[in-house]
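Chemist: Coordinates in start03.cif, mmCIF, C-alpha atoms, are listed below.
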```
data_run
loop_
_atom_site.label_atom_id
_atom_site.label_comp_id
_atom_site.auth_asym_id
_atom_site.auth_seq_id
_atom_site.Cartn_x
_atom_site.Cartn_y
_atom_site.Cartn_z
CA MET A 1 -120.49 -205.79 -61.04
CA PRO A 2 -122.27 -206.47 -57.76
CA HIS A 3 -125.60 -204.65 -57.52
CA GLY A 4 -124.76 -203.21 -54.10
CA ASP A 5 -121.63 -201.49 -55.41
CA ARG A 6 -123.52 -199.26 -57.83
CA GLY A 7 -124.17 -196.73 -55.07
CA ARG A 8 -120.48 -196.28 -54.26
CA ARG A 9 -118.97 -193.06 -55.59
CA VAL A 10 -115.97 -193.42 -57.86
CA HIS A 11 -113.36 -190.65 -57.63
CA LEU A 12 -111.55 -190.16 -60.95
CA ASP A 13 -110.46 -186.54 -60.51
CA THR A 14 -107.16 -186.87 -58.68
CA ALA A 15 -105.61 -184.36 -61.10
CA GLY A 16 -108.04 -181.79 -59.73
CA LEU A 17 -108.05 -182.78 -56.06
CA GLY A 18 -106.77 -186.06 -54.67
CA ARG A 19 -108.61 -187.86 -51.88
CA MET A 20 -106.68 -187.30 -48.69
CA PRO A 21 -105.72 -190.52 -46.86
CA ALA A 22 -107.52 -191.14 -43.58
CA ALA A 23 -104.31 -190.68 -41.59
CA ALA A 24 -103.61 -187.30 -43.18
CA ARG A 25 -107.20 -186.15 -42.74
CA ALA A 26 -107.09 -187.14 -39.07
CA GLN A 27 -103.89 -185.14 -38.54
CA LEU A 28 -105.34 -182.13 -40.30
CA THR A 29 -108.44 -182.27 -38.11
CA GLU A 30 -106.55 -182.87 -34.87
CA TRP A 31 -104.05 -180.04 -35.30
CA THR A 32 -106.64 -177.60 -36.62
CA ARG A 33 -108.62 -178.18 -33.44
CA HIS A 34 -105.46 -177.88 -31.36
CA GLU A 35 -104.67 -174.53 -32.94
CA ASP A 36 -108.22 -173.35 -32.35
CA ARG A 37 -108.05 -174.26 -28.66
CA HIS A 38 -104.46 -173.36 -27.79
CA GLY A 39 -103.35 -170.88 -30.42
CA PRO A 40 -100.81 -171.23 -33.24
CA TYR A 41 -97.57 -171.24 -31.24
CA GLU A 42 -97.75 -174.82 -29.97
CA VAL A 43 -98.59 -176.03 -33.48
CA ASP A 44 -95.70 -174.03 -34.93
CA GLU A 45 -93.30 -175.54 -32.38
CA HIS A 46 -94.53 -179.05 -33.20
CA VAL A 47 -94.11 -178.39 -36.92
CA HIS A 48 -90.64 -176.90 -36.50
CA HIS A 49 -89.15 -179.47 -34.12
CA VAL A 50 -90.98 -182.68 -35.02
CA VAL A 51 -92.69 -182.51 -38.40
CA ARG A 52 -90.32 -180.54 -40.63
CA PRO A 53 -87.27 -182.82 -40.21
CA GLU A 54 -89.39 -185.82 -41.26
CA LEU A 55 -91.15 -183.92 -44.04
CA ASP A 56 -87.96 -182.44 -45.49
CA ALA A 57 -86.40 -185.91 -45.64
CA ARG A 58 -89.49 -187.42 -47.28
CA LEU A 59 -89.75 -184.59 -49.78
CA ALA A 60 -86.08 -184.85 -50.74
CA ALA A 61 -86.43 -188.60 -51.24
CA LEU A 62 -89.62 -188.16 -53.27
CA LEU A 63 -88.03 -185.62 -55.62
CA GLY A 64 -84.56 -187.16 -55.81
CA ALA A 65 -83.12 -183.93 -54.45
CA PRO A 66 -80.31 -183.25 -51.96
CA ALA A 67 -81.43 -182.64 -48.41
CA GLY A 68 -81.86 -178.93 -47.79
CA ASP A 69 -82.60 -177.99 -51.40
CA THR A 70 -86.39 -178.31 -51.11
CA VAL A 71 -88.73 -175.66 -49.72
CA LEU A 72 -92.43 -175.66 -48.90
CA THR A 73 -94.67 -173.20 -50.72
CA THR A 74 -98.36 -172.46 -51.06
CA GLY A 75 -98.38 -174.07 -54.51
CA ALA A 76 -96.34 -174.71 -57.64
CA ALA A 77 -97.69 -171.67 -59.49
CA ASP A 78 -96.97 -169.46 -56.50
CA ALA A 79 -93.37 -170.70 -56.31
CA PHE A 80 -92.83 -170.12 -60.04
CA ALA A 81 -94.34 -166.63 -59.80
CA ALA A 82 -92.16 -165.74 -56.80
CA LEU A 83 -88.83 -166.97 -58.17
CA VAL A 84 -88.73 -166.75 -61.96
CA PRO A 85 -89.41 -162.99 -62.33
CA ARG A 86 -86.31 -162.29 -60.23
CA LEU A 87 -83.93 -164.00 -62.65
CA PRO A 88 -81.33 -161.54 -64.04
CA LEU A 89 -82.26 -161.76 -67.71
CA GLY A 90 -81.74 -158.99 -70.24
CA PRO A 91 -81.76 -158.10 -73.94
CA GLY A 92 -80.12 -160.80 -76.00
CA ASP A 93 -81.33 -163.59 -73.69
CA ARG A 94 -83.84 -166.13 -74.89
CA ILE A 95 -86.49 -168.07 -72.99
CA TRP A 96 -87.81 -171.36 -74.30
CA THR A 97 -91.19 -172.75 -73.38
CA THR A 98 -93.47 -175.36 -74.97
CA PRO A 99 -97.00 -175.42 -76.42
CA TYR A 100 -98.10 -177.35 -73.30
CA GLU A 101 -97.14 -174.61 -70.83
CA GLY A 102 -99.89 -173.75 -68.35
CA VAL A 103 -101.45 -170.30 -68.33
CA ALA A 104 -100.14 -169.33 -64.88
CA ASN A 105 -96.49 -169.97 -65.75
CA LEU A 106 -96.92 -168.56 -69.24
CA THR A 107 -98.23 -165.31 -67.78
CA VAL A 108 -95.10 -165.07 -65.60
CA LEU A 109 -92.85 -165.75 -68.60
CA THR A 110 -94.48 -163.09 -70.76
CA ALA A 111 -94.13 -160.56 -67.94
CA LEU A 112 -90.46 -161.48 -67.54
CA ARG A 113 -89.95 -161.09 -71.28
CA ASP A 114 -91.52 -157.63 -71.20
CA ARG A 115 -89.46 -156.50 -68.21
CA ALA A 116 -86.13 -157.92 -69.40
CA ARG A 117 -86.73 -157.15 -73.09
CA CYS A 118 -85.62 -160.65 -73.98
CA ARG A 119 -87.16 -163.14 -76.41
CA LEU A 120 -89.73 -165.78 -75.57
CA GLU A 121 -89.80 -168.67 -78.02
CA VAL A 122 -91.96 -171.79 -78.28
CA VAL A 123 -90.23 -175.09 -78.98
CA PRO A 124 -91.97 -176.79 -81.94
CA LEU A 125 -93.75 -180.13 -81.79
CA ARG A 126 -93.27 -183.20 -83.92
CA PRO A 127 -96.28 -184.27 -86.00
CA ASP A 128 -97.17 -186.85 -83.33
CA GLY A 129 -97.38 -184.16 -80.62
CA ASP A 130 -94.07 -184.84 -78.86
CA LEU A 131 -91.60 -182.02 -78.37
CA ASP A 132 -89.03 -181.85 -81.14
CA LEU A 133 -85.90 -182.81 -79.22
CA GLU A 134 -83.80 -182.84 -82.37
CA TRP A 135 -84.69 -179.20 -82.92
CA MET A 136 -83.74 -178.41 -79.31
CA ALA A 137 -80.38 -180.14 -79.68
CA ALA A 138 -79.67 -178.30 -82.94
CA HIS A 139 -80.62 -174.83 -81.70
CA ILE A 140 -79.53 -174.66 -78.08
CA ASP A 141 -76.78 -172.13 -77.43
CA ASP A 142 -75.68 -169.82 -74.65
CA ASP A 143 -78.24 -167.17 -75.61
CA VAL A 144 -80.89 -169.47 -74.10
CA ALA A 145 -81.07 -168.37 -70.46
CA LEU A 146 -84.19 -170.22 -69.26
CA VAL A 147 -86.11 -173.28 -70.42
CA SER A 148 -89.53 -173.90 -68.86
CA VAL A 149 -91.18 -177.30 -69.41
CA VAL A 150 -94.28 -178.92 -67.95
CA HIS A 151 -93.81 -182.63 -67.14
CA VAL A 152 -97.52 -183.50 -67.60
CA PRO A 153 -99.87 -180.72 -68.82
CA ALA A 154 -103.18 -179.90 -67.16
CA GLY A 155 -105.15 -180.41 -70.36
CA CYS A 156 -103.95 -183.77 -71.61
CA GLY A 157 -102.01 -186.81 -70.45
CA ILE A 158 -98.82 -186.52 -72.52
CA VAL A 159 -95.59 -187.19 -70.62
CA THR A 160 -92.79 -184.84 -71.58
CA PRO A 161 -89.33 -186.51 -71.69
CA VAL A 162 -87.89 -184.16 -69.08
CA GLU A 163 -84.76 -186.26 -68.49
CA ASP A 164 -83.90 -186.29 -72.21
CA ILE A 165 -84.35 -182.53 -72.31
CA GLY A 166 -82.09 -182.17 -69.28
CA ARG A 167 -79.31 -184.03 -71.06
CA ILE A 168 -79.62 -181.70 -74.06
CA LEU A 169 -79.44 -178.60 -71.86
CA ALA A 170 -76.75 -179.79 -69.44
CA PRO A 171 -73.66 -178.48 -71.32
CA HIS A 172 -75.15 -174.99 -71.61
CA ARG A 173 -75.57 -172.09 -69.21
CA CYS A 174 -79.39 -172.01 -69.20
CA LEU A 175 -81.52 -172.62 -66.13
CA TYR A 176 -84.03 -175.44 -66.50
CA ALA A 177 -87.45 -175.26 -64.79
CA VAL A 178 -89.88 -178.20 -64.66
CA ASP A 179 -93.51 -177.96 -63.53
CA ALA A 180 -94.24 -181.37 -62.00
CA SER A 181 -97.66 -180.48 -60.55
CA TYR A 182 -99.52 -183.20 -62.49
CA ALA A 183 -96.63 -185.67 -62.51
CA VAL A 184 -95.34 -186.03 -58.96
CA GLY A 185 -97.26 -188.74 -57.16
CA GLN A 186 -98.22 -190.63 -60.31
CA LEU A 187 -94.85 -190.80 -62.12
CA PRO A 188 -91.24 -191.04 -60.94
CA VAL A 189 -89.87 -187.51 -60.53
CA HIS A 190 -86.14 -187.31 -59.83
CA ALA A 191 -84.61 -183.84 -59.94
CA GLY A 192 -81.08 -185.26 -60.10
CA ARG A 193 -81.79 -187.35 -63.19
CA ILE A 194 -83.82 -184.57 -64.80
CA GLY A 195 -80.97 -182.11 -64.31
CA CYS A 196 -83.26 -179.16 -63.60
CA GLN A 197 -82.50 -176.19 -61.36
CA LEU A 198 -86.14 -175.52 -60.43
CA LEU A 199 -88.83 -178.15 -59.92
CA THR A 200 -92.26 -177.17 -58.62
CA GLY A 201 -95.23 -179.27 -57.54
CA ASP A 202 -98.59 -179.27 -55.74
CA ALA A 203 -99.44 -181.47 -52.77
CA TRP A 204 -103.19 -181.73 -53.34
CA ARG A 205 -103.22 -183.65 -56.62
CA PHE A 206 -101.59 -187.08 -56.96
CA LEU A 207 -99.87 -186.82 -53.58
CA CYS A 208 -103.34 -186.45 -51.98
CA GLY A 209 -102.17 -183.89 -49.44
CA PRO A 210 -103.99 -180.77 -48.24
CA GLU A 211 -104.88 -177.83 -50.45
CA SER A 212 -102.75 -174.68 -50.55
CA VAL A 213 -99.52 -176.60 -49.94
CA GLY A 214 -96.83 -177.13 -52.55
CA PHE A 215 -93.08 -177.37 -52.81
CA ALA A 216 -90.11 -176.42 -54.90
CA TYR A 217 -86.66 -177.87 -55.45
CA ALA A 218 -84.16 -175.04 -55.93
CA ALA A 219 -80.67 -176.05 -57.02
CA PRO A 220 -77.61 -174.09 -55.85
CA GLU A 221 -77.23 -172.53 -59.32
CA LEU A 222 -80.74 -171.11 -59.10
CA ARG A 223 -80.24 -169.79 -55.59
CA GLN A 224 -77.03 -168.12 -56.72
CA ALA A 225 -78.83 -166.50 -59.66
CA LEU A 226 -81.47 -165.20 -57.25
CA ALA A 227 -78.92 -163.84 -54.76
CA PRO A 228 -78.90 -162.20 -52.31
CA ASP A 229 -82.33 -163.42 -51.18
CA GLY A 230 -82.32 -166.85 -52.83
CA THR A 231 -85.67 -168.50 -52.17
CA GLY A 232 -86.47 -166.18 -49.28
CA SER A 233 -89.37 -164.59 -51.19
CA LEU A 234 -91.44 -167.77 -50.99
CA VAL A 235 -94.36 -167.74 -48.57
CA PRO A 236 -94.36 -171.05 -46.67
CA PRO A 237 -97.54 -172.80 -45.55
CA GLU A 238 -97.98 -173.21 -41.83
CA GLY A 239 -99.71 -175.19 -39.13
CA ALA A 240 -101.97 -178.18 -39.57
CA SER A 241 -101.60 -178.36 -43.37
CA VAL A 242 -97.87 -179.09 -43.01
CA VAL A 243 -98.60 -181.88 -40.53
CA ALA A 244 -101.18 -183.34 -42.92
CA LEU A 245 -98.75 -183.28 -45.85
CA ASN A 246 -96.18 -185.18 -43.80
CA ALA A 247 -98.80 -187.83 -43.02
CA ALA A 248 -99.84 -188.05 -46.68
CA LEU A 249 -96.24 -188.55 -47.82
CA ALA A 250 -95.75 -191.25 -45.18
CA VAL A 251 -98.63 -193.20 -46.74
CA HIS A 252 -97.50 -192.42 -50.28
CA GLU A 253 -94.10 -194.04 -49.68
CA ASP A 254 -95.83 -197.43 -49.64
CA ALA A 255 -98.14 -196.76 -52.59
CA VAL A 256 -97.89 -199.03 -55.63
CA PRO A 257 -99.15 -197.58 -58.94
CA VAL A 258 -102.01 -199.46 -60.59
CA GLY A 259 -100.66 -199.99 -64.10
CA GLY A 260 -103.00 -200.21 -67.04
CA LEU A 261 -106.07 -198.48 -65.56
CA ALA A 262 -105.57 -195.37 -67.68
CA ALA A 263 -105.34 -197.61 -70.76
CA VAL A 264 -108.69 -199.16 -69.79
CA LEU A 265 -110.22 -195.69 -69.49
CA ARG A 266 -108.82 -194.66 -72.87
CA ALA A 267 -110.23 -197.82 -74.43
CA ALA A 268 -113.66 -197.04 -72.96
CA VAL A 269 -113.55 -193.57 -74.53
CA GLU A 270 -112.39 -194.90 -77.89
CA GLU A 271 -115.28 -197.37 -77.94
CA THR A 272 -117.81 -194.60 -77.29
CA PRO A 273 -119.52 -193.30 -80.46
CA GLY A 274 -118.96 -189.57 -80.92
CA ALA A 275 -116.12 -189.37 -78.39
CA GLU A 276 -112.61 -188.18 -79.24
CA LEU A 277 -109.51 -188.64 -77.11
CA ILE A 278 -107.17 -185.68 -76.69
CA ALA A 279 -103.98 -187.70 -76.42
CA PRO A 280 -101.00 -186.25 -78.30
CA GLY A 281 -97.59 -187.86 -78.04
CA ARG A 282 -96.29 -191.39 -77.70
CA VAL A 283 -96.23 -191.67 -73.90
CA GLN A 284 -99.35 -191.10 -71.80
CA SER A 285 -99.88 -190.72 -68.06
CA GLY A 286 -102.79 -191.50 -65.75
CA ILE A 287 -104.70 -188.49 -67.12
CA VAL A 288 -107.23 -189.14 -69.89
CA THR A 289 -109.00 -186.22 -71.60
CA PHE A 290 -111.72 -186.39 -74.22
CA ARG A 291 -114.69 -184.56 -75.69
CA HIS A 292 -117.97 -185.66 -77.24
CA ALA A 293 -119.50 -184.40 -80.45
CA GLU A 294 -123.02 -184.05 -79.03
CA MET A 295 -122.62 -183.35 -75.30
CA PRO A 296 -120.38 -180.52 -74.02
CA ALA A 297 -117.85 -181.28 -71.33
CA GLY A 298 -119.72 -179.52 -68.52
CA PRO A 299 -123.05 -181.34 -68.91
CA LEU A 300 -121.24 -184.64 -69.48
CA ARG A 301 -119.22 -184.19 -66.28
CA ARG A 302 -122.42 -183.49 -64.37
CA ALA A 303 -124.15 -186.48 -65.93
CA LEU A 304 -121.32 -188.75 -64.79
CA ALA A 305 -121.42 -187.20 -61.31
CA ALA A 306 -125.14 -187.93 -61.11
CA ARG A 307 -124.23 -191.58 -61.69
CA GLY A 308 -121.63 -191.53 -58.92
CA VAL A 309 -118.51 -191.06 -61.07
CA ILE A 310 -116.53 -187.92 -60.23
CA VAL A 311 -114.36 -186.57 -63.06
CA GLY A 312 -112.89 -183.17 -63.89
CA LYS A 313 -113.13 -180.68 -66.72
CA THR A 314 -110.50 -178.57 -68.45
CA VAL A 315 -110.85 -175.47 -70.60
CA ALA A 316 -108.72 -174.44 -73.52
CA GLN A 317 -107.23 -171.40 -71.84
CA GLU A 318 -105.45 -173.57 -69.28
CA THR A 319 -102.98 -174.44 -72.07
CA PRO A 320 -103.45 -171.40 -74.35
CA LEU A 321 -100.61 -172.28 -76.75
CA TYR A 322 -101.99 -175.74 -77.49
CA SER A 323 -105.74 -176.22 -77.12
CA PRO A 324 -107.41 -173.13 -78.69
CA GLU A 325 -105.63 -173.46 -82.03
CA ARG A 326 -106.82 -177.05 -82.30
CA GLY A 327 -110.47 -176.25 -81.80
CA VAL A 328 -110.53 -177.80 -78.33
CA THR A 329 -112.58 -175.54 -76.06
CA ALA A 330 -113.32 -177.86 -73.12
CA THR A 331 -112.71 -181.50 -72.30
CA VAL A 332 -113.67 -184.05 -69.69
CA ARG A 333 -110.58 -185.04 -67.68
CA VAL A 334 -110.42 -188.45 -66.02
CA SER A 335 -107.46 -189.25 -63.77
CA VAL A 336 -106.62 -192.43 -61.88
CA HIS A 337 -104.64 -192.88 -58.70
CA HIS A 338 -103.03 -195.69 -56.72
CA ASP A 339 -106.24 -196.39 -54.81
CA ASN A 340 -108.42 -196.72 -57.92
CA SER A 341 -109.34 -200.23 -59.01
CA ALA A 342 -110.43 -202.13 -62.08
CA TRP A 343 -113.97 -201.88 -60.72
CA ASP A 344 -113.68 -198.06 -60.83
CA ALA A 345 -112.64 -198.18 -64.48
CA ALA A 346 -115.53 -200.52 -65.31
CA ARG A 347 -117.99 -198.26 -63.48
CA PHE A 348 -116.72 -195.26 -65.47
CA ALA A 349 -117.27 -197.13 -68.75
CA GLU A 350 -120.80 -198.08 -67.67
CA ALA A 351 -121.67 -194.56 -66.49
CA LEU A 352 -120.32 -193.09 -69.73
CA ARG A 353 -122.56 -195.39 -71.77
CA GLU A 354 -125.55 -194.47 -69.61
CA ALA A 355 -124.88 -190.73 -69.80
CA LEU A 356 -124.58 -190.83 -73.59
CA ALA A 357 -127.41 -193.26 -74.29
CA GLY A 358 -129.09 -192.25 -77.52
CA ARG A 359 -126.23 -189.98 -78.53
CA GLY A 360 -123.17 -190.56 -80.66
CA HIS A 361 -124.87 -190.43 -84.05
CA HIS A 362 -122.63 -187.56 -85.12
CA ALA A 363 -118.88 -187.60 -85.36
CA VAL A 364 -116.60 -184.75 -84.34
CA PRO A 365 -116.99 -181.99 -86.98
CA THR A 366 -114.65 -182.35 -89.94
CA ALA A 367 -112.96 -178.99 -89.35
CA VAL A 368 -112.23 -179.89 -85.76
CA ARG A 369 -110.91 -183.30 -86.72
CA ALA A 370 -108.57 -181.68 -89.21
CA ALA A 371 -107.22 -179.40 -86.50
CA ALA A 372 -106.73 -182.29 -84.12
CA ALA A 373 -105.19 -184.67 -86.60
CA ALA A 374 -101.76 -183.02 -86.43
CA PRO A 375 -101.61 -181.64 -82.91
CA ALA A 376 -98.13 -180.20 -83.38
CA ALA A 377 -98.90 -177.94 -86.31
CA VAL A 378 -100.59 -174.57 -86.41
CA ALA A 379 -98.99 -173.61 -89.70
CA ALA A 380 -96.69 -175.61 -91.92
CA SER A 381 -94.51 -174.42 -94.76
CA GLY A 382 -91.74 -176.30 -96.48
CA GLY A 383 -91.81 -179.03 -93.85
CA ALA A 384 -91.62 -176.57 -90.96
CA VAL A 385 -93.82 -177.09 -87.94
CA VAL A 386 -94.67 -173.85 -86.17
CA ALA A 387 -95.82 -173.74 -82.59
CA ALA A 388 -99.00 -172.00 -81.48
CA PRO A 389 -98.88 -168.18 -81.23
CA VAL A 390 -99.36 -166.01 -78.18
CA ALA A 391 -98.98 -162.30 -77.70
CA GLY A 392 -95.41 -161.27 -78.45
CA LEU A 393 -94.05 -164.80 -78.67
CA ARG A 394 -91.88 -165.94 -81.51
CA ALA A 395 -92.77 -169.19 -83.21
CA VAL A 396 -89.63 -171.12 -84.05
CA SER A 397 -89.35 -173.01 -87.31
CA ALA A 398 -88.40 -176.66 -87.14
CA GLY A 399 -86.07 -176.26 -90.08
CA SER A 400 -86.88 -173.75 -92.79
CA ALA A 401 -85.06 -173.39 -96.05
CA ALA A 402 -84.10 -169.86 -95.08
CA GLY A 403 -81.94 -171.11 -92.28
CA ALA A 404 -82.46 -173.28 -89.22
CA GLY A 405 -83.20 -171.46 -86.01
CA ALA A 406 -84.65 -168.29 -87.50
CA ALA A 407 -87.45 -166.85 -85.39
CA GLY A 408 -90.34 -164.93 -86.88
CA ASP A 409 -93.20 -162.84 -85.51
CA VAL A 410 -96.54 -164.56 -85.12
CA PRO A 411 -100.09 -163.19 -84.86
CA ALA A 412 -100.94 -161.84 -81.43
CA VAL A 413 -103.54 -163.32 -79.14
CA ARG A 414 -104.25 -162.39 -75.55
CA VAL A 415 -103.03 -164.58 -72.71
CA PRO A 416 -105.59 -164.99 -69.89
CA ARG A 417 -104.53 -164.10 -66.37
CA PRO A 418 -104.98 -166.81 -63.72
CA ARG A 419 -107.17 -166.02 -60.77
CA HIS A 420 -107.70 -168.20 -57.71
CA THR A 421 -111.30 -168.51 -56.59
CA ALA A 422 -112.30 -168.88 -52.98
CA GLY A 423 -111.96 -172.32 -51.46
CA ARG A 424 -110.39 -174.14 -54.41
CA ARG A 425 -106.99 -174.01 -56.06
CA HIS A 426 -108.08 -174.00 -59.68
CA LEU A 427 -107.85 -171.40 -62.42
CA ALA A 428 -110.68 -169.11 -63.36
CA LEU A 429 -109.57 -167.37 -66.53
CA VAL A 430 -109.91 -163.65 -67.07
CA SER A 431 -108.89 -162.20 -70.41
CA ALA A 432 -106.05 -159.69 -70.24
CA PRO A 433 -107.09 -156.20 -71.39
CA ALA A 434 -106.31 -155.32 -74.95
CA PRO A 435 -103.89 -152.47 -75.71
CA ASP A 436 -106.84 -150.18 -76.53
CA GLY A 437 -108.48 -150.95 -73.21
CA THR A 438 -111.28 -153.12 -74.61
CA ALA A 439 -112.14 -156.43 -72.99
#
```
Output the structure of this file as structure tokens.

Modeler:
Amino acid sequence: MPHGDRGRRVHLDTAGLGRMPAAARAQLTEWTRHEDRHGPYEVDEHVHHVVRPELDARLAALLGAPAGDTVLTTGAADAFAALVPRLPLGPGDRIWTTPYEGVANLTVLTALRDRARCRLEVVPLRPDGDLDLEWMAAHIDDDVALVSVVHVPAGCGIVTPVEDIGRILAPHRCLYAVDASYAVGQLPVHAGRIGCQLLTGDAWRFLCGPESVGFAYAAPELRQALAPDGTGSLVPPEGASVVALNAALAVHEDAVPVGGLAAVLRAAVEETPGAELIAPGRVQSGIVTFRHAEMPAGPLRRALAARGVIVGKTVAQETPLYSPERGVTATVRVSVHHDNSAWDAARFAEALREALAGRGHHAVPTAVRAAAAAPAAVAASGGAVVAAPVAGLRAVSAGSAAGAGAAGDVPAVRVPRPRHTAGRRHLALVSAPAPDGTA
């Protein structure tokens, strides 16, 4: 690569915070200054009369949703937390989630289970890490009231087949919720083809909009279930951030994905001695996560940053049903976007070699490798794959001799509570108190 380019910083953390386009940044700056000088009312009028009609149309087109069925929120997790607990579930109802569910949504689901006294079950994985769709098709019935699925998890790049799941659920009465926070902007997301009733997303990741802005698609069936208030409990963002999101979506409409860059990044990791990809499933996205046997994720992220390559880091508790049981405590997360180039991927590979120079003499410990080899299984008996346990959840057998669909109790672990820290929209994890009051 040209010598002069080595000083250029490479941003490979779009999953954490996308780089805002110049046009969106300019709008954010201009209208923030306008509000400071003239007060919020002129900005609110501009947003209401000029910006929102354009933004609502762009958002509906982006999500494949009917006009009028999308709402702005302060974030995907906030929308999920405001709407899902109000669903009229009760004893006898069942909620399905997956081992890839994020901690924020999982906390909401466990609280809903406790309030409604219903059952919360985890859909099992196939040995390759994909969700077991055959199990879902065999066990879906009208007791299942809610199914919550993450399109792309925070902790790895697997792509969940949300449209296939939608076709399985369509004949039944359940509501289907999809968290598209790490998918929208890098993958096609079409609520109509997915067949979901709730779809949530964040603007500041692959859409490269401002922080603290998100959105939700709420189908008529969901709004009816939430009657009489519908989606009225959502707190909408205001002012300059809404203008900036509209500008970011205007640029995104012309964006062309750079295919193959994530594959180049994965290849660079696989060629690195001592590194291990965390890549369950058959279909991967533009998110690449890995760990190294001799350098923890935090120091490795900082070493790459010192060489001008900005990447992210994930911790196990972000996906508490998947990562902890597989011995994965923290990983480096690399994520590409439309404006990344082949040069960026090459610079990452070079910086990774430099950061790990002299390391890589030890492989990932045998016990950890064994846990990672079959990412779907926490316990197996008689061919049954059992999903990871969490407090009060029921792990569902993938086909036991005692009868398909039977649910059994699993060991209890504590689910961390999400907490937003000042200035950034990421999760700091705080362990929930134990029943005896100990930490």

Chemist: Which is closest to A:Cys208 among A:Val162, A:Ala250, A:Ala330, A:Val71, if we use only C-alpha atoms?

Modeler: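 Distance minimum relative to A:Cys208 lands on A:Ala250.
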
Chemist: Can you list, as a ChimeraX atom specification, every protein, DNA or RNA residue that comes within 7 Å of stretch 27-30 of chain A when you count all atoms listed in the file, leaving out same-chain residues fewer than 3 positions away?

Modeler: /A:23-24,33-34,240-241,243-244

Chemist: What is the distance between atom CA of A:Arg282 and atom CA of A:Pro161, in Å to one decimal?

Modeler: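 Atom CA of A:Arg282 sits 10.4 Å away from atom CA of A:Pro161.
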
Chemist: For A:His151, work out the shell of residues within 8 Å, counting only C-alpha atoms and skipping chain neighbours fewer than 3 positions away, then give it as a PyMOL selection string.

Modeler: chain A and resi 159-162+178-183

Chemist: Kindly indicate which residue among A:Gly308, A:Gly286, A:Pro21, A:Pro320 lies nearest to A:Phe348, using all atoms listed in the file for the distances.

Modeler: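 Closest to A:Phe348 of all the choices is A:Gly308.
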
Chemist: At most 10 Å from (-93.1, -165.3, -67.7), file frame, all atoms listed in the file: which residues, as a VMD selection string?

Modeler: chain A and resid 80 to 81 84 to 85 95 97 103 to 115 120 148

Chemist: I need the chosen residues saved as a PDB file, in the frame of the given file, with C-alpha atoms.

Modeler:
```pdb
ATOM      1  CA  PHE A  80     -92.830-170.120 -60.040  1.00  0.00           C
ATOM      2  CA  ALA A  81     -94.340-166.630 -59.800  1.00  0.00           C
ATOM      3  CA  VAL A  84     -88.730-166.750 -61.960  1.00  0.00           C
ATOM      4  CA  PRO A  85     -89.410-162.990 -62.330  1.00  0.00           C
ATOM      5  CA  ILE A  95     -86.490-168.070 -72.990  1.00  0.00           C
ATOM      6  CA  THR A  97     -91.190-172.750 -73.380  1.00  0.00           C
ATOM      7  CA  VAL A 103    -101.450-170.300 -68.330  1.00  0.00           C
ATOM      8  CA  ALA A 104    -100.140-169.330 -64.880  1.00  0.00           C
ATOM      9  CA  ASN A 105     -96.490-169.970 -65.750  1.00  0.00           C
ATOM     10  CA  LEU A 106     -96.920-168.560 -69.240  1.00  0.00           C
ATOM     11  CA  THR A 107     -98.230-165.310 -67.780  1.00  0.00           C
ATOM     12  CA  VAL A 108     -95.100-165.070 -65.600  1.00  0.00           C
ATOM     13  CA  LEU A 109     -92.850-165.750 -68.600  1.00  0.00           C
ATOM     14  CA  THR A 110     -94.480-163.090 -70.760  1.00  0.00           C
ATOM     15  CA  ALA A 111     -94.130-160.560 -67.940  1.00  0.00           C
ATOM     16  CA  LEU A 112     -90.460-161.480 -67.540  1.00  0.00           C
ATOM     17  CA  ARG A 113     -89.950-161.090 -71.280  1.00  0.00           C
ATOM     18  CA  ASP A 114     -91.520-157.630 -71.200  1.00  0.00           C
ATOM     19  CA  ARG A 115     -89.460-156.500 -68.210  1.00  0.00           C
ATOM     20  CA  LEU A 120     -89.730-165.780 -75.570  1.00  0.00           C
ATOM     21  CA  SER A 148     -89.530-173.900 -68.860  1.00  0.00           C
TER      22      SER A 148
END
```
